[in-house]
Structures are given as C-alpha cells and as structure tokens.
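See below for the structure under consideration.
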Amino acid sequence: MPSGFAVGKPGYDPVHVNSVGEALDFIGTSTGQAWPIEARRAAVELAAELEANRVVVTSPGQLSLRIPSARRRVLVQCRGKGVDRLVRVVGMTDDLGHEYSMSLPDRQIIRVSRKRRA
C-alpha cells in the first residue's frame, strides 16, 4: 500500500440528530468548525418552516434534511474558509417540480434546474 493511503473509504460517519440546531451544535463542539452565526440562524428557521422531520450530519460542512414535500433529501452545505464561507441549500423543489438552490442567510436563489422532476 503506498504511503498516505488507507484501506477502505475514508470519510465521516453520518450522525442522526433531532434538529438543525442540535446538528450545528454537534458540528461546533466535535470538529471546531462552527458555521457563521447568521447562516446558523437562517438554517434553523428554514428547517422549521419546511417542517424537516429528519436531520443527519453527513460531514462538518453538510446536513441532510428530509422534508415531507420534497422528493429528495435537501442538503444544507457550508463551503469555504474564513470570511469567504458560503452556506447554500441544495435540492429545494418549487410548486412546478423544478429543483433549485438558494444561499443563506439572504435566501437568494442561485440556481434553478430547467428539468421538471414531478
């Protein structure tokens, strides 16, 4: 085996938590990679509005939410370092079945899929 490689798939084990707030607290305490305060607040509010009924921490930079009205899991991702951190929500679905992504905390839509998913 070459130096620097390991057997198996390196990565994070998913952790099921009860809420987005609990997930972000877990990330902050277990990894020291706390998300920006405004984005944390916006993620908690959005999950409450969407009635997320399952939250899984898949990595320090990503949460997976199960939303009753969405066909797929909605991902909340925090990318970048320092002041250039971007938090976005991927996999949202509008009333027509189009999938879109938005940035947090401003909730600006940043991408809309032209394909219908319904």
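Ligands are numbered from 1 in the order shown, residues from 1 within each chain, and chains are lettered A, B, ... in the order they appear in the structure tokens.
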Checklist entry - Per DSSP on the backbone, what are the strand (DSSP E) residues of stretch 5-64 of chain A, as a list in words? => result Val15, His16, Val17, Arg54, Val55, Val56, Val57, Thr58, Ser59, Gln62, Leu63 and Ser64 of chain A
Writing out the chosen residues with N, CA and C atoms as a PDB file, in the first residue's frame:
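This is the output file again-v2.pdb:
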```
ATOM      1  N   VAL A  15     -24.402  11.079  11.340  1.00  0.00           N
ATOM      2  CA  VAL A  15     -24.917  11.149  12.705  1.00  0.00           C
ATOM      3  C   VAL A  15     -26.329  11.710  12.652  1.00  0.00           C
ATOM      4  N   HIS A  16     -27.308  10.937  13.143  1.00  0.00           N
ATOM      5  CA  HIS A  16     -28.696  11.382  13.192  1.00  0.00           C
ATOM      6  C   HIS A  16     -28.894  12.226  14.443  1.00  0.00           C
ATOM      7  N   VAL A  17     -29.500  13.402  14.280  1.00  0.00           N
ATOM      8  CA  VAL A  17     -29.798  14.294  15.403  1.00  0.00           C
ATOM      9  C   VAL A  17     -31.267  14.698  15.330  1.00  0.00           C
ATOM     10  N   ARG A  54     -36.315  14.884   9.716  1.00  0.00           N
ATOM     11  CA  ARG A  54     -35.127  14.058   9.947  1.00  0.00           C
ATOM     12  C   ARG A  54     -33.906  14.891   9.572  1.00  0.00           C
ATOM     13  N   VAL A  55     -32.913  14.919  10.453  1.00  0.00           N
ATOM     14  CA  VAL A  55     -31.696  15.682  10.222  1.00  0.00           C
ATOM     15  C   VAL A  55     -30.513  14.745  10.431  1.00  0.00           C
ATOM     16  N   VAL A  56     -29.626  14.701   9.429  1.00  0.00           N
ATOM     17  CA  VAL A  56     -28.432  13.858   9.512  1.00  0.00           C
ATOM     18  C   VAL A  56     -27.216  14.723   9.204  1.00  0.00           C
ATOM     19  N   VAL A  57     -26.214  14.685  10.088  1.00  0.00           N
ATOM     20  CA  VAL A  57     -24.946  15.360   9.836  1.00  0.00           C
ATOM     21  C   VAL A  57     -24.110  14.383   9.012  1.00  0.00           C
ATOM     22  N   THR A  58     -23.832  14.733   7.753  1.00  0.00           N
ATOM     23  CA  THR A  58     -23.051  13.841   6.897  1.00  0.00           C
ATOM     24  C   THR A  58     -21.576  14.201   6.884  1.00  0.00           C
ATOM     25  N   SER A  59     -21.251  15.434   7.232  1.00  0.00           N
ATOM     26  CA  SER A  59     -19.867  15.899   7.368  1.00  0.00           C
ATOM     27  C   SER A  59     -19.921  17.227   8.118  1.00  0.00           C
ATOM     28  N   GLN A  62     -21.906  19.671   5.946  1.00  0.00           N
ATOM     29  CA  GLN A  62     -23.153  19.330   5.258  1.00  0.00           C
ATOM     30  C   GLN A  62     -24.157  18.642   6.181  1.00  0.00           C
ATOM     31  N   LEU A  63     -25.412  19.086   6.058  1.00  0.00           N
ATOM     32  CA  LEU A  63     -26.542  18.468   6.733  1.00  0.00           C
ATOM     33  C   LEU A  63     -27.498  17.948   5.676  1.00  0.00           C
ATOM     34  N   SER A  64     -28.119  16.818   5.937  1.00  0.00           N
ATOM     35  CA  SER A  64     -29.125  16.262   5.056  1.00  0.00           C
ATOM     36  C   SER A  64     -30.465  16.331   5.788  1.00  0.00           C
TER      37      SER A  64
END
```
Item to check | Selection: 10 Å around stretch 96-110 of chain A, only C-alpha atoms, excl. self and same-chain fewer than 6 positions, as a PyMOL selection string | outcome: chain A and resi 36-43+45-46+70-72+74-78+86-90+116-118
With N, CA and C atoms retained, could you export that selection as an mmCIF file, in the first residue's frame?
```cif
data_model
loop_
_atom_site.group_PDB
_atom_site.id
_atom_site.type_symbol
_atom_site.label_atom_id
_atom_site.label_comp_id
_atom_site.auth_asym_id
_atom_site.auth_seq_id
_atom_site.Cartn_x
_atom_site.Cartn_y
_atom_site.Cartn_z
ATOM 1 N N PRO A 36 -21.062 30.119 10.253
ATOM 2 C CA PRO A 36 -21.331 31.540 10.547
ATOM 3 C C PRO A 36 -22.657 31.706 11.302
ATOM 4 N N ILE A 37 -22.694 32.622 12.251
ATOM 5 C CA ILE A 37 -23.855 32.799 13.132
ATOM 6 C C ILE A 37 -25.126 33.108 12.350
ATOM 7 N N GLU A 38 -25.053 34.016 11.375
ATOM 8 C CA GLU A 38 -26.256 34.375 10.601
ATOM 9 C C GLU A 38 -26.767 33.179 9.806
ATOM 10 N N ALA A 39 -25.858 32.404 9.248
ATOM 11 C CA ALA A 39 -26.251 31.228 8.471
ATOM 12 C C ALA A 39 -26.835 30.146 9.372
ATOM 13 N N ARG A 40 -26.303 29.997 10.580
ATOM 14 C CA ARG A 40 -26.860 29.038 11.545
ATOM 15 C C ARG A 40 -28.321 29.379 11.832
ATOM 16 N N ARG A 41 -28.554 30.654 12.144
ATOM 17 C CA ARG A 41 -29.908 31.104 12.460
ATOM 18 C C ARG A 41 -30.840 30.885 11.275
ATOM 19 N N ALA A 42 -30.381 31.233 10.082
ATOM 20 C CA ALA A 42 -31.206 31.070 8.878
ATOM 21 C C ALA A 42 -31.492 29.595 8.593
ATOM 22 N N ALA A 43 -30.529 28.715 8.812
ATOM 23 C CA ALA A 43 -30.727 27.276 8.581
ATOM 24 C C ALA A 43 -31.755 26.709 9.550
ATOM 25 N N GLU A 45 -34.202 28.400 11.049
ATOM 26 C CA GLU A 45 -35.507 28.951 10.668
ATOM 27 C C GLU A 45 -36.066 28.266 9.421
ATOM 28 N N LEU A 46 -35.206 28.040 8.413
ATOM 29 C CA LEU A 46 -35.656 27.394 7.186
ATOM 30 C C LEU A 46 -36.123 25.968 7.457
ATOM 31 N N ALA A 70 -40.698 17.355 -0.292
ATOM 32 C CA ALA A 70 -39.637 17.204 -1.293
ATOM 33 C C ALA A 70 -39.438 15.732 -1.631
ATOM 34 N N ARG A 71 -39.149 15.457 -2.882
ATOM 35 C CA ARG A 71 -38.930 14.085 -3.321
ATOM 36 C C ARG A 71 -37.556 13.571 -2.893
ATOM 37 N N ARG A 72 -36.583 14.471 -2.864
ATOM 38 C CA ARG A 72 -35.223 14.094 -2.477
ATOM 39 C C ARG A 72 -34.847 14.781 -1.181
ATOM 40 N N VAL A 74 -32.932 17.339 1.106
ATOM 41 C CA VAL A 74 -32.448 18.706 0.935
ATOM 42 C C VAL A 74 -31.127 18.793 1.688
ATOM 43 N N LEU A 75 -30.098 19.316 1.029
ATOM 44 C CA LEU A 75 -28.777 19.427 1.630
ATOM 45 C C LEU A 75 -28.499 20.875 2.004
ATOM 46 N N VAL A 76 -27.996 21.088 3.206
ATOM 47 C CA VAL A 76 -27.544 22.406 3.649
ATOM 48 C C VAL A 76 -26.032 22.294 3.749
ATOM 49 N N GLN A 77 -25.321 23.081 2.942
ATOM 50 C CA GLN A 77 -23.871 22.958 2.827
ATOM 51 C C GLN A 77 -23.170 24.253 3.207
ATOM 52 N N CYS A 78 -22.080 24.119 3.944
ATOM 53 C CA CYS A 78 -21.232 25.258 4.295
ATOM 54 C C CYS A 78 -19.873 25.003 3.660
ATOM 55 N N LEU A 86 -19.537 30.215 2.334
ATOM 56 C CA LEU A 86 -20.823 30.293 1.655
ATOM 57 C C LEU A 86 -21.693 29.156 2.172
ATOM 58 N N VAL A 87 -22.904 29.476 2.579
ATOM 59 C CA VAL A 87 -23.857 28.456 3.003
ATOM 60 C C VAL A 87 -24.972 28.431 1.972
ATOM 61 N N ARG A 88 -25.245 27.232 1.466
ATOM 62 C CA ARG A 88 -26.295 27.109 0.455
ATOM 63 C C ARG A 88 -27.166 25.899 0.752
ATOM 64 N N VAL A 89 -28.385 25.957 0.231
ATOM 65 C CA VAL A 89 -29.351 24.885 0.374
ATOM 66 C C VAL A 89 -29.581 24.319 -1.023
ATOM 67 N N VAL A 90 -29.383 23.017 -1.168
ATOM 68 C CA VAL A 90 -29.466 22.362 -2.471
ATOM 69 C C VAL A 90 -30.592 21.331 -2.445
ATOM 70 N N ARG A 116 -38.104 19.269 -15.306
ATOM 71 C CA ARG A 116 -39.194 19.002 -14.379
ATOM 72 C C ARG A 116 -38.904 17.699 -13.661
ATOM 73 N N ARG A 117 -39.071 17.682 -12.351
ATOM 74 C CA ARG A 117 -38.808 16.481 -11.545
ATOM 75 C C ARG A 117 -40.098 15.776 -11.129
ATOM 76 N N ALA A 118 -41.222 16.405 -11.381
ATOM 77 C CA ALA A 118 -42.502 15.817 -10.921
ATOM 78 C C ALA A 118 -42.843 14.660 -11.787
#
```
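Across A:Asn53, A:Pro60, A:Ala48, A:Gly11, the tightest approach to A:Ala23 is made by A:Pro60 when counting only C-alpha atoms.
Backbone DSSP of chain A yields helix (DSSP H, G or I) at A:Val20, A:Gly21, A:Glu22, A:Ala23, A:Leu24, A:Asp25, A:Phe26, A:Ile27, A:Gly28, A:Thr29, A:Ser30, A:Thr31, A:Ile37, A:Glu38, A:Ala39, A:Arg40, A:Arg41, A:Ala42, A:Ala43, A:Val44, A:Glu45, A:Leu46, A:Ala47, A:Ala48, A:Glu49, A:Leu50, A:Gly82, A:Val83, A:Asp84.
Within 10 Å of A:Glu51, once only C-alpha atoms are used and residues closer than 6 positions along the same chain are dropped, the contacting residues are Glu45, Leu65, Arg66, Ile67, Pro68 and Ser69 of chain A.
Put simply, atom CA of A:Leu24 is 26.8 Å away from atom CA of A:Val112.
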Checklist entry - Near A:Ala34, counting only C-alpha atoms, which residues have an atom at most 8 Å away, once you skip same-chain residues fewer than 6 positions from it, shown as a PyMOL selection string? => result chain A and resi 24-25+27-28
If you keep C-alpha atoms, can you produce a file of those selected residues as a compact mmCIF listing (two decimals), in the first residue's frame?
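Output contents, as saved in out-v9.txt:
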```txt
# COMPACT_ATOMS: atom_id res chain seq x y z
CA LEU A 24 -24.90 22.68 14.27
CA ASP A 25 -24.04 22.46 17.98
CA ILE A 27 -20.51 20.18 14.48
CA GLY A 28 -19.16 23.10 16.51
```
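Put simply, atom CA of A:Thr31 is 18.0 Å away from atom CA of A:Ser19.
Closest approach to A:Thr93 among A:Asp13, A:Glu22, A:Trp35, A:Arg114 is made by A:Arg114 (distances from only C-alpha atoms).
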Next on the checklist: Report, in Å to a single decimal, how far apart atom CA of A:Gly21 and atom CA of A:Ala47 are.
Outcome noted: 9.5 Å
